[in-house]
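Printed here is data_30.txt (compact mmCIF, C-alpha atoms):
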# COMPACT_ATOMS: atom_id res chain seq x y z
CA MET A 14 3.76 18.63 20.85
CA ARG A 15 0.72 17.77 18.75
CA THR A 16 3.06 16.36 16.09
CA LEU A 17 4.68 14.02 18.63
CA TYR A 18 1.24 12.94 19.86
CA THR A 19 0.11 12.16 16.29
CA ALA A 20 3.32 10.22 15.59
CA GLY A 21 2.85 8.22 18.81
CA VAL A 22 -0.75 7.32 17.99
CA PHE A 23 0.31 6.36 14.46
CA GLY A 24 3.02 4.07 15.89
CA LEU A 25 0.61 2.39 18.32
CA VAL A 26 -1.93 1.72 15.56
CA ALA A 27 0.82 0.22 13.39
CA ALA A 28 1.97 -2.00 16.26
CA ALA A 29 -1.60 -3.23 16.78
CA PHE A 30 -1.85 -4.19 13.10
CA VAL A 31 1.44 -6.07 13.31
CA GLN A 32 0.25 -8.06 16.33
CA GLY A 33 -2.89 -9.09 14.47
CA ALA A 34 -1.18 -9.97 11.19
CA ALA A 35 0.10 -13.44 10.45
CA ALA A 36 3.89 -13.76 10.50
CA GLN A 37 5.35 -13.46 7.01
CA SER A 38 8.88 -13.79 5.71
CA GLN A 39 10.72 -10.74 4.42
CA THR A 40 10.32 -11.81 0.79
CA THR A 41 6.58 -12.61 0.88
CA ALA A 42 5.37 -9.46 2.66
CA LYS A 43 3.77 -7.13 0.12
CA LEU A 44 2.92 -4.09 2.24
CA ALA A 45 5.22 -2.13 4.57
CA LEU A 46 4.53 0.72 6.99
CA GLU A 47 7.40 2.83 8.36
CA VAL A 48 7.65 5.22 11.30
CA ARG A 49 10.94 7.01 12.00
CA GLY A 50 12.57 9.86 13.82
CA VAL A 51 14.67 12.08 11.58
CA ALA A 52 17.41 14.66 11.66
CA VAL A 53 16.80 17.00 8.73
CA VAL A 54 20.06 18.48 7.45
CA PRO A 55 20.10 21.51 5.10
CA THR A 56 23.23 21.90 2.95
CA PHE A 57 24.73 24.43 0.53
CA ASP A 58 22.97 27.82 0.27
CA ILE A 59 19.91 26.92 2.36
CA ALA A 60 22.23 26.02 5.28
CA ASP A 61 22.96 29.77 5.65
CA ALA A 62 19.32 30.33 6.66
CA ALA A 63 18.36 27.09 8.45
CA ASP A 64 20.13 24.73 10.84
CA ILE A 65 19.85 20.96 11.37
CA GLY A 66 16.52 20.17 12.95
CA PRO A 67 14.59 17.28 14.46
CA GLY A 68 11.56 15.73 12.85
CA PHE A 69 9.67 12.57 12.10
CA GLY A 70 8.78 10.53 9.05
CA ALA A 71 6.33 7.92 7.86
CA GLY A 72 6.17 5.78 4.78
CA LEU A 73 4.24 3.16 2.89
CA GLY A 74 5.74 0.59 0.56
CA TYR A 75 4.24 -1.99 -1.75
CA ARG A 76 6.35 -4.76 -3.29
CA VAL A 77 5.49 -5.08 -7.01
CA ALA A 78 8.24 -7.60 -7.91
CA GLU A 79 10.80 -9.71 -6.05
CA LYS A 80 13.26 -6.80 -5.66
CA VAL A 81 11.14 -3.76 -6.62
CA SER A 82 8.88 -1.66 -4.38
CA LEU A 83 6.78 1.44 -4.89
CA MET A 84 7.02 3.82 -1.93
CA ALA A 85 5.38 6.95 -0.60
CA ASP A 86 7.32 8.81 2.11
CA PHE A 87 6.58 11.86 4.24
CA ASP A 88 9.19 13.61 6.38
CA MET A 89 8.81 16.75 8.46
CA GLY A 90 11.66 18.78 9.89
CA ILE A 91 11.76 21.77 12.23
CA HIS A 92 14.83 23.88 11.48
CA PRO A 93 16.03 26.49 13.97
CA THR A 94 17.53 29.59 12.37
CA PRO A 95 20.18 32.14 13.39
CA THR A 96 17.27 34.48 14.28
CA PRO A 97 16.02 33.71 17.81
CA ASN A 98 12.47 32.35 18.14
CA PHE A 99 12.19 31.76 14.37
CA ASP A 100 11.89 28.27 12.85
CA ILE A 101 11.55 27.03 9.30
CA ASN A 102 9.57 23.83 8.83
CA THR A 103 10.12 21.55 5.86
CA LEU A 104 7.53 19.03 4.70
CA HIS A 105 8.76 16.39 2.24
CA TYR A 106 6.22 14.42 0.15
CA MET A 107 7.95 11.86 -2.09
CA ALA A 108 6.87 9.05 -4.42
CA LYS A 109 9.71 6.58 -4.99
CA VAL A 110 10.77 3.38 -6.65
CA GLY A 111 13.06 1.15 -4.59
CA TYR A 112 15.32 -1.68 -5.74
CA ASP A 113 16.86 -4.21 -3.33
CA VAL A 114 20.60 -4.07 -4.07
CA PHE A 115 21.46 -6.49 -1.24
CA VAL A 116 19.30 -9.13 0.43
CA GLY A 117 20.89 -11.13 3.22
CA GLU A 118 19.42 -13.42 5.85
CA ARG A 119 18.51 -10.51 8.15
CA VAL A 120 19.68 -7.37 6.30
CA THR A 121 18.22 -5.75 3.18
CA VAL A 122 19.63 -2.65 1.49
CA THR A 123 17.29 -0.84 -0.90
CA ALA A 124 18.33 2.05 -3.16
CA ASN A 125 15.53 4.46 -4.07
CA LEU A 126 14.84 7.30 -6.50
CA GLY A 127 11.80 9.52 -6.62
CA ALA A 128 10.17 12.88 -7.00
CA GLY A 129 7.64 14.98 -5.18
CA VAL A 130 7.20 18.26 -3.34
CA VAL A 131 9.07 19.98 -0.51
CA GLN A 132 7.24 22.75 1.34
CA PHE A 133 8.96 25.49 3.34
CA GLY A 134 6.83 27.05 6.08
CA GLY A 135 6.84 27.54 9.83
CA ASP A 136 7.58 31.13 10.82
CA LEU A 137 8.04 32.22 7.19
CA PRO A 138 5.53 34.83 5.96
CA GLU A 139 3.88 32.17 3.78
CA THR A 140 4.33 28.48 2.96
CA LYS A 141 6.04 27.82 -0.38
CA SER A 142 5.93 24.52 -2.29
CA TYR A 143 8.55 23.38 -4.81
CA PHE A 144 9.08 20.38 -7.09
CA ALA A 145 11.83 18.13 -5.71
CA ILE A 146 13.77 14.99 -6.58
CA ASN A 147 14.94 12.32 -4.17
CA ALA A 148 17.70 9.73 -3.93
CA GLY A 149 18.50 7.57 -0.96
CA ALA A 150 18.69 4.17 0.65
CA LYS A 151 16.83 2.12 3.21
CA ILE A 152 18.79 -0.31 5.34
CA ALA A 153 16.54 -2.81 7.12
CA VAL A 154 17.64 -5.24 9.84
CA ALA A 155 14.99 -7.88 10.57
CA LEU A 156 14.03 -7.95 14.26
CA SER A 157 11.29 -10.54 13.62
CA ASP A 158 9.31 -11.98 10.73
CA ALA A 159 7.26 -8.78 10.50
CA VAL A 160 9.35 -5.95 12.04
CA ASP A 161 12.61 -4.34 10.87
CA LEU A 162 14.93 -1.79 12.41
CA LEU A 163 15.20 0.79 9.64
CA ILE A 164 17.92 3.33 8.81
CA SER A 165 16.91 5.69 6.01
CA PRO A 166 19.39 8.26 4.67
CA GLN A 167 17.65 10.36 2.00
CA GLY A 168 18.57 13.37 -0.10
CA ASP A 169 15.90 15.77 -1.34
CA ILE A 170 16.67 18.60 -3.75
CA ALA A 171 13.92 21.21 -4.01
CA PHE A 172 14.06 23.46 -7.07
CA THR A 173 13.33 26.76 -5.35
CA LYS A 174 13.18 30.37 -6.50
CA GLU A 175 16.12 32.55 -5.57
CA ALA A 176 13.89 35.58 -4.96
CA GLU A 177 11.89 33.58 -2.38
CA LEU A 178 14.51 31.47 -0.56
CA GLY A 179 17.85 32.92 -1.67
CA THR A 180 18.80 29.88 -3.79
CA THR A 181 17.58 28.05 -6.89
CA ASN A 182 17.94 24.65 -5.23
CA ALA A 183 17.63 23.70 -1.58
CA TRP A 184 19.35 20.47 -0.61
CA VAL A 185 17.71 19.06 2.52
CA TRP A 186 18.66 15.59 3.79
CA PRO A 187 16.26 13.66 6.04
CA PHE A 188 18.35 11.05 7.90
CA GLY A 189 15.96 8.72 9.71
CA ALA A 190 15.87 5.70 11.98
CA GLY A 191 12.82 3.80 13.10
CA LEU A 192 10.74 0.71 12.51
CA ARG A 193 9.26 -0.93 9.43
CA PHE A 194 6.22 -3.18 9.88
CA ARG A 195 5.74 -5.75 7.09
CA PHE A 196 2.36 -7.32 6.21
As structure tokens, the full file:
Amino acid sequence: MRTLYTAGVFGLVAAAFVQGAAAQSQTTAKLALEVRGVAVVPTFDIADAADIGPGFGAGLGYRVAEKVSLMADFDMGIHPTPTPNFDINTLHYMAKVGYDVFVGERVTVTANLGAGVVQFGGDLPETKSYFAINAGAKIAVALSDAVDLLISPQGDIAFTKEAELGTTNAWVWPFGAGLRFRF
């Protein structure tokens, strides 16, 4: 519940900044702030131990060229398991480079690649952190000059240790939808 409260406060602060910012077109905005709800989907070997779970995500982006952005994304998922009253949490910290592959009047599609860390915790005996790579896309539909509806399918591959998680790579896919505020 505390996580939902924090996400709600974060969203309200972002909305307040948007109201105070001058309206900018999609191509001139340099900074972007994202808030999204996510479904975090484990696949391959890790799917034997963890199920699809709900979560939330947040991100920052900074446009460094006309079609290129640097991004920092965070996603958190709560995965139920076959064992009752036992959850595995995943925390995804990713640094990314995005390239706009399509820019329309109201729709922008950005492909992204990155790397970072995925942590596995929750009801596990201890939290484990692993290097991970990321590939995904961000599909933005402009709702106004400063706000987009955002769909963000991502794929994170954590290079885990078989002795610790039962696999040498854990594929976990945060699929998100939310809002992007452009400044």
Please put the answer as JSON: centre and edge lengths, in Å with one decimal, of a box along x, y and z that encloses all listed atoms of segment 169-176 of chain A plus 5 Å on each side.
{"center_x": 14.9, "center_y": 25.7, "center_z": -4.2, "size_x": 13.5, "size_y": 29.8, "size_z": 15.7}
Atom pair atom CA of Gly191 of chain A + atom CA of Ala62 of chain A, distance 28.1 Å
One decimal place gives the atom CA of Thr96 of chain A-atom CA of Gly168 of chain A separation as 25.6 Å
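Between atom CA of Ser82 of chain A and atom CA of Gly111 of chain A the separation is 5.0 Å.
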One residue among A:Leu192, A:Ala128, A:Val54, A:Ala148 is nearest to Ile164 of chain A when using only C-alpha atoms, and that residue is A:Leu192
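Of the residues listed (A:Thr123, A:Asn102, A:Thr173, A:Thr94), A:Thr173 shows the shortest atom-to-atom separation from Ala145 of chain A; distances use all atoms listed in the file.
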- Query: Hey, what's within 12 Å of Glu177 of chain A if we count all atoms listed in the file and toss same-chain stuff fewer than 2 positions away? As a PyMOL selection string, please?
  - Reply: chain A and resi 59+133-134+137-143+172-175+179-183
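Counting all atoms listed in the file, Pro187 of chain A has the following residues at most 7 Å away, ignoring those fewer than 3 positions along the same chain: Val51, Ala52, Val53, Val54, Pro166, Gln167 and Gly168 of chain A.
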Please save C-alpha atoms of the selected residues as a PDB file, in the frame of the given file.
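Written file, out_39.pdb:
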ATOM      1  CA  VAL A  51      14.670  12.080  11.580  1.00  0.00           C
ATOM      2  CA  ALA A  52      17.410  14.660  11.660  1.00  0.00           C
ATOM      3  CA  VAL A  53      16.800  17.000   8.730  1.00  0.00           C
ATOM      4  CA  VAL A  54      20.060  18.480   7.450  1.00  0.00           C
ATOM      5  CA  PRO A 166      19.390   8.260   4.670  1.00  0.00           C
ATOM      6  CA  GLN A 167      17.650  10.360   2.000  1.00  0.00           C
ATOM      7  CA  GLY A 168      18.570  13.370  -0.100  1.00  0.00           C
TER       8      GLY A 168
END
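Closest approach to Thr41 of chain A from the set A:Asp64, A:Asp100, A:Glu118, A:Glu79 is made by A:Glu79, with distances taken over only C-alpha atoms.
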Could you complete segment 90-102 of chain A so that it carries N, CA, C and O atoms, and give it back as an mmCIF file, in the frame of the given file?
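Saved the output as out39.cif:
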data_model
loop_
_atom_site.group_PDB
_atom_site.id
_atom_site.type_symbol
_atom_site.label_atom_id
_atom_site.label_comp_id
_atom_site.auth_asym_id
_atom_site.auth_seq_id
_atom_site.Cartn_x
_atom_site.Cartn_y
_atom_site.Cartn_z
ATOM 1 N N GLY A 90 10.564 18.294 9.083
ATOM 2 C CA GLY A 90 11.660 18.780 9.890
ATOM 3 C C GLY A 90 11.382 20.171 10.420
ATOM 4 O O GLY A 90 10.725 20.974 9.759
ATOM 5 N N ILE A 91 11.869 20.441 11.626
ATOM 6 C CA ILE A 91 11.760 21.770 12.230
ATOM 7 C C ILE A 91 13.184 22.308 12.333
ATOM 8 O O ILE A 91 13.997 21.777 13.084
ATOM 9 N N HIS A 92 13.478 23.340 11.563
ATOM 10 C CA HIS A 92 14.830 23.880 11.480
ATOM 11 C C HIS A 92 14.941 25.183 12.270
ATOM 12 O O HIS A 92 14.312 26.176 11.912
ATOM 13 N N PRO A 93 15.763 25.202 13.324
ATOM 14 C CA PRO A 93 16.030 26.490 13.970
ATOM 15 C C PRO A 93 16.854 27.364 13.020
ATOM 16 O O PRO A 93 17.508 26.870 12.107
ATOM 17 N N THR A 94 16.804 28.650 13.224
ATOM 18 C CA THR A 94 17.530 29.590 12.370
ATOM 19 C C THR A 94 18.425 30.471 13.244
ATOM 20 O O THR A 94 18.283 30.491 14.469
ATOM 21 N N PRO A 95 19.341 31.220 12.616
ATOM 22 C CA PRO A 95 20.180 32.140 13.390
ATOM 23 C C PRO A 95 19.362 33.222 14.111
ATOM 24 O O PRO A 95 19.813 33.803 15.087
ATOM 25 N N THR A 96 18.146 33.494 13.635
ATOM 26 C CA THR A 96 17.270 34.480 14.280
ATOM 27 C C THR A 96 16.555 33.816 15.446
ATOM 28 O O THR A 96 15.889 32.799 15.258
ATOM 29 N N PRO A 97 16.677 34.339 16.667
ATOM 30 C CA PRO A 97 16.020 33.710 17.810
ATOM 31 C C PRO A 97 14.495 33.638 17.625
ATOM 32 O O PRO A 97 13.879 34.497 17.014
ATOM 33 N N ASN A 98 13.913 32.568 18.157
ATOM 34 C CA ASN A 98 12.470 32.350 18.140
ATOM 35 C C ASN A 98 11.889 32.347 16.719
ATOM 36 O O ASN A 98 10.783 32.818 16.492
ATOM 37 N N PHE A 99 12.636 31.833 15.757
ATOM 38 C CA PHE A 99 12.190 31.760 14.370
ATOM 39 C C PHE A 99 12.585 30.398 13.824
ATOM 40 O O PHE A 99 13.761 30.039 13.830
ATOM 41 N N ASP A 100 11.617 29.603 13.403
ATOM 42 C CA ASP A 100 11.890 28.270 12.850
ATOM 43 C C ASP A 100 11.356 28.186 11.429
ATOM 44 O O ASP A 100 10.365 28.823 11.079
ATOM 45 N N ILE A 101 12.024 27.371 10.633
ATOM 46 C CA ILE A 101 11.550 27.030 9.300
ATOM 47 C C ILE A 101 11.203 25.548 9.329
ATOM 48 O O ILE A 101 12.022 24.717 9.734
ATOM 49 N N ASN A 102 9.989 25.221 8.930
ATOM 50 C CA ASN A 102 9.570 23.830 8.830
ATOM 51 C C ASN A 102 9.681 23.378 7.389
ATOM 52 O O ASN A 102 9.357 24.131 6.466
#
